[in-house]
Amino acid sequence: MSQLTQSAAWAALEQHQKSIAPQHMRDWFKADPQRAERMRLSAAGLTLDYSKNRANDETLSLLMDLAKQQGLNKLRVAMFSGETINNTEQRAVLHTALRANPSDSAWQPQADKIEAVQASLEKMRDFVEQVRAGQWHGYTGKAITDVVSIGIGGSFLGPKMASESLKPYWHESLSVHYVANVDGTAIADKLKGLDPETTLFVTSSKSFGTQETLANTLSARAWFYESGAGKQDVAKHFVAVTSNIKAATEFGIDENNLFPMWDWVGGRYSMWSAIGMPIALLIGFERFEEILKGAEAMDTHFMEAPIEQNMPVLMAMLGVWYANFFDSHAHVILSYDHYLRALPGYLQQLDMESNGKNVTRSGELVDYHTGPVIWGGEGTNGQHAYHQLLHQGTRVIPADFIMPLKSHNPIGEHHDMLASNCFGQTQALMQGKTLAEAQAELAGSQHSPEQLSLLAKHKVMPGNKPSNTILMERVTPYTLGALIALYEHRTFVQGVVWELNSFDQWGVELGKQLGNSVLSAIRDTHAEVELDASTEYLVNSFRQAKPQTLG
Ligand SMILES: O=P(O)(O)OC[C@H]1O[C@H](O)[C@H](O)[C@@H](O)[C@@H]1O
């Protein structure tokens, strides 16, 4: 058994779970009128209502004991002070420096990094302002109308999610498009209808070695040349964000068109850097800075608030409570805002690539569950689809409801209806419906007694399903920045409890390696590639279907 599962804090929670499990939240709300008020917290423009959780004051106190036992305070300081907490790659983890207030003396020990960040932001500002003002000209002298952002994973999901979330702030005549997948359809579809004379490509790749991104950039360049443009015109249409300057310049990106990234920023934590360029192009540099300010406010809260009153810590520890003591395997993110519909996809990478691990920082196999499956979608759509499983399925799936109090599009009663659905769902999940309630509902209907009894059983909803609700005034650059930073720190805290390195991603490497060797087998039948019988069959089928000239 691991030290964690043998520890005093863990054992206390296991014991405590036995007394909590039979209790119903419905009864707690009845017995304690102060519950909702007590279990509510505001920070950085967000309010978290965590009262609809299967937790009482004792639970929270035991969860905080676990956080302390696992060294949260020390590791939190270690992250912000630039220690190499990404121990498998020997890297610091300083995405918080990307949104630091440069005049904050706490950052003094990282002055070199803060300086580099500020210089990069200035270069970004200059570029963004030129493009947005129509002063960056394409090779025939026309202003840029379309930007195609090429990148994948962390070099795609954050910018895409933030762009969609902030649509009300978009530039009126500049469009940004995203291409991630190596599927040729993705880039072919995007390029259709674009004009090479007025299109700018931003290649985002921390490593500048990602197969998909390089293939898409090459195809974009081929398309650009087909229009009659020459090599000398590339600098007007291709820029890149990367930490691998050498690879990018060898690839043909003009040195002046390079924006930096650093090895102390993980891909999935990078939208605050020049990786966020497409966002800034769409909403303007000042609004991009507001995103950083929102995140910085959440960083300050995370660093300074006592852990019992700390939003990321509370959310993280409640997640641990369900994952490890209620055998919950999933966590659902429900955005009740159409603009936030890409958030679950973004959080999937943030959380699952960070905490989808089975060995500890020191390489021991864990004997407890780590990161759950993160999924979700847009409310109210999900209510007419997968919410059935949330209400009556057999597993505990904690939910985060995210609800802006004001809409950017206040049409008729739509927002009232949206909010009432959101709040109503949290209530239904918590309260459920008893057999007596179901029977009362059916009383007076035309059904036979047998049918009535059967129907009543099917209408019973156990309730006691946990949820958090996160409110904000409106989805703005500031509140979005705070929201994303909240989830970043939530992920970090869970990684601390589970003793993981949340900042590497070795699991994706094997897929990449094998993908490359399979590609050699597809290109050349004589390639010496070891394939199992199933994969060999798949490769052969693919080769046979290939046009002769390419085979
Ligand atoms: O930015 P890049 O170096 O192109 O990497 C893009 C993505 O590729 C990888 O496979 C990783 O799993 C991601 O964490 C990363 O964000």
# chains A, B, ... in the order shown; residues from 1 in each chain; ligands from 1

$ residues_near_ligand --ligand "ligand 1" --cutoff "9 Å" --atoms "only C-alpha atoms and all ligand atoms" --output "compact mmCIF listing (two decimals) with N, CA and C atoms, in the first residue's frame"
# COMPACT_ATOMS: atom_id res chain seq x y z
N GLY A 151 -2.10 24.86 -35.31
CA GLY A 151 -1.50 24.31 -34.09
C GLY A 151 -2.43 23.25 -33.55
N ILE A 152 -1.94 22.46 -32.61
CA ILE A 152 -2.78 21.38 -32.07
C ILE A 152 -2.53 21.25 -30.57
N GLY A 153 -3.42 20.56 -29.86
CA GLY A 153 -3.26 20.38 -28.41
C GLY A 153 -3.27 21.73 -27.72
N GLY A 154 -2.28 21.93 -26.87
CA GLY A 154 -2.20 23.19 -26.13
C GLY A 154 -1.96 24.39 -27.02
N SER A 155 -1.52 24.17 -28.23
CA SER A 155 -1.30 25.28 -29.15
C SER A 155 -2.55 25.55 -30.00
N PHE A 156 -3.66 24.99 -29.57
CA PHE A 156 -4.91 25.14 -30.31
C PHE A 156 -6.11 25.33 -29.38
N LEU A 157 -6.24 24.42 -28.40
CA LEU A 157 -7.49 24.38 -27.64
C LEU A 157 -7.77 25.66 -26.85
N THR A 203 1.63 29.90 -37.21
CA THR A 203 1.91 28.52 -36.79
C THR A 203 2.30 28.55 -35.32
N SER A 204 1.55 27.82 -34.51
CA SER A 204 1.83 27.78 -33.07
C SER A 204 2.29 26.39 -32.69
N SER A 205 3.51 26.28 -32.26
CA SER A 205 4.02 24.98 -31.83
C SER A 205 5.20 25.20 -30.90
N LYS A 206 5.02 24.82 -29.67
CA LYS A 206 6.10 24.99 -28.69
C LYS A 206 7.36 24.28 -29.18
N SER A 207 7.19 23.06 -29.66
CA SER A 207 8.36 22.25 -30.04
C SER A 207 8.78 22.50 -31.49
N PHE A 208 7.90 23.00 -32.28
CA PHE A 208 8.05 23.10 -33.73
C PHE A 208 8.45 21.74 -34.32
N GLY A 209 7.89 20.69 -33.74
CA GLY A 209 8.22 19.36 -34.24
C GLY A 209 6.96 18.50 -34.32
N THR A 210 5.80 19.11 -34.15
CA THR A 210 4.57 18.32 -34.13
C THR A 210 4.10 18.04 -35.55
N GLN A 211 3.95 16.73 -35.83
CA GLN A 211 3.67 16.28 -37.20
C GLN A 211 2.50 17.04 -37.84
N GLU A 212 1.39 17.11 -37.13
CA GLU A 212 0.18 17.72 -37.68
C GLU A 212 0.42 19.18 -38.07
N THR A 213 1.06 19.90 -37.16
CA THR A 213 1.24 21.34 -37.36
C THR A 213 2.20 21.61 -38.52
N LEU A 214 3.27 20.82 -38.61
CA LEU A 214 4.22 21.03 -39.70
C LEU A 214 3.59 20.67 -41.04
N VAL A 241 4.86 31.00 -33.48
CA VAL A 241 5.10 31.10 -32.04
C VAL A 241 5.73 29.79 -31.62
N THR A 242 6.93 29.85 -31.04
CA THR A 242 7.63 28.60 -30.71
C THR A 242 8.75 28.84 -29.70
N SER A 243 9.16 27.75 -29.06
CA SER A 243 10.35 27.85 -28.21
C SER A 243 11.55 27.29 -28.97
N ASN A 244 11.31 26.75 -30.17
CA ASN A 244 12.38 26.16 -30.97
C ASN A 244 12.70 27.05 -32.18
N GLY A 266 4.04 24.90 -19.91
CA GLY A 266 3.51 23.71 -20.56
C GLY A 266 2.52 24.10 -21.65
N GLY A 267 2.45 23.29 -22.71
CA GLY A 267 1.56 23.60 -23.83
C GLY A 267 0.13 23.89 -23.38
N ARG A 268 -0.39 23.06 -22.47
CA ARG A 268 -1.80 23.23 -22.08
C ARG A 268 -1.99 24.38 -21.08
N TYR A 269 -0.90 25.04 -20.73
CA TYR A 269 -0.97 26.19 -19.82
C TYR A 269 -0.50 27.47 -20.55
N SER A 270 -0.59 27.45 -21.89
CA SER A 270 0.16 28.47 -22.63
C SER A 270 -0.67 29.54 -23.30
N ILE A 275 1.17 32.26 -27.70
CA ILE A 275 0.26 31.22 -28.22
C ILE A 275 -1.16 31.79 -28.30
N GLN A 349 -8.17 18.57 -22.04
CA GLN A 349 -6.71 18.49 -22.16
C GLN A 349 -6.04 18.95 -20.87
N LEU A 350 -6.51 20.09 -20.36
CA LEU A 350 -5.88 20.64 -19.16
C LEU A 350 -5.82 19.58 -18.05
N GLU A 353 -4.63 15.48 -19.47
CA GLU A 353 -3.22 15.35 -19.84
C GLU A 353 -2.34 15.63 -18.62
N SER A 354 -2.88 16.39 -17.67
CA SER A 354 -2.10 16.70 -16.47
C SER A 354 -2.15 15.58 -15.44
N PHE A 503 2.73 18.05 -15.08
CA PHE A 503 3.24 18.91 -16.14
C PHE A 503 4.01 18.19 -17.24
N ASP A 504 4.02 16.87 -17.20
CA ASP A 504 4.58 16.14 -18.34
C ASP A 504 3.45 15.38 -19.02
N GLN A 505 3.74 14.65 -20.08
CA GLN A 505 2.69 13.90 -20.79
C GLN A 505 3.32 12.75 -21.57
N TRP A 506 4.02 11.88 -20.84
CA TRP A 506 4.74 10.80 -21.52
C TRP A 506 3.79 9.85 -22.23
N GLY A 507 2.58 9.75 -21.74
CA GLY A 507 1.62 8.82 -22.32
C GLY A 507 1.33 9.09 -23.79
N VAL A 508 1.43 10.34 -24.21
CA VAL A 508 1.10 10.62 -25.60
C VAL A 508 2.25 10.24 -26.53
N GLU A 509 3.43 10.02 -25.94
CA GLU A 509 4.62 9.79 -26.76
C GLU A 509 4.56 8.47 -27.54
N LYS A 512 2.66 8.68 -30.64
CA LYS A 512 3.37 9.43 -31.68
C LYS A 512 4.42 8.55 -32.34

$ residues_around --residues "range 165-173 of chain A" --least-positions-apart "3" --cutoff "12 Å" --atoms "only C-alpha atoms" --output "PyMOL selection string"
chain A and resi 128-129+131-134+143-147+157-162+176+198+278-288+290-291+335-343+346+404+407-409+474-481+483-484

$ select_by_dssp --residues "range 181-244 of chain A" --states "strand (DSSP E)" --output "NGL selection string"
:A and (199-204 or 238-242)

$ select_by_dssp --residues "range 185-395 of chain A" --states "alpha helix (DSSP H)" --output "VMD selection string"
chain A and resid 185 to 191 211 to 226 245 to 251 277 to 283 285 to 304 311 to 325 343 to 348 354 to 355 387 to 392

$ residues_around --residues "Thr434 in chain A" --least-positions-apart "6" --cutoff "12 Å" --atoms "only C-alpha atoms" --output "list of chain:residue names"
A:His24, A:Arg26, A:Ala428, A:Ala440, A:Glu441, A:Ala456, A:Lys457, A:His458, A:Lys459, A:Val460, A:Met461, A:Pro462, A:Gly463, A:Asn464
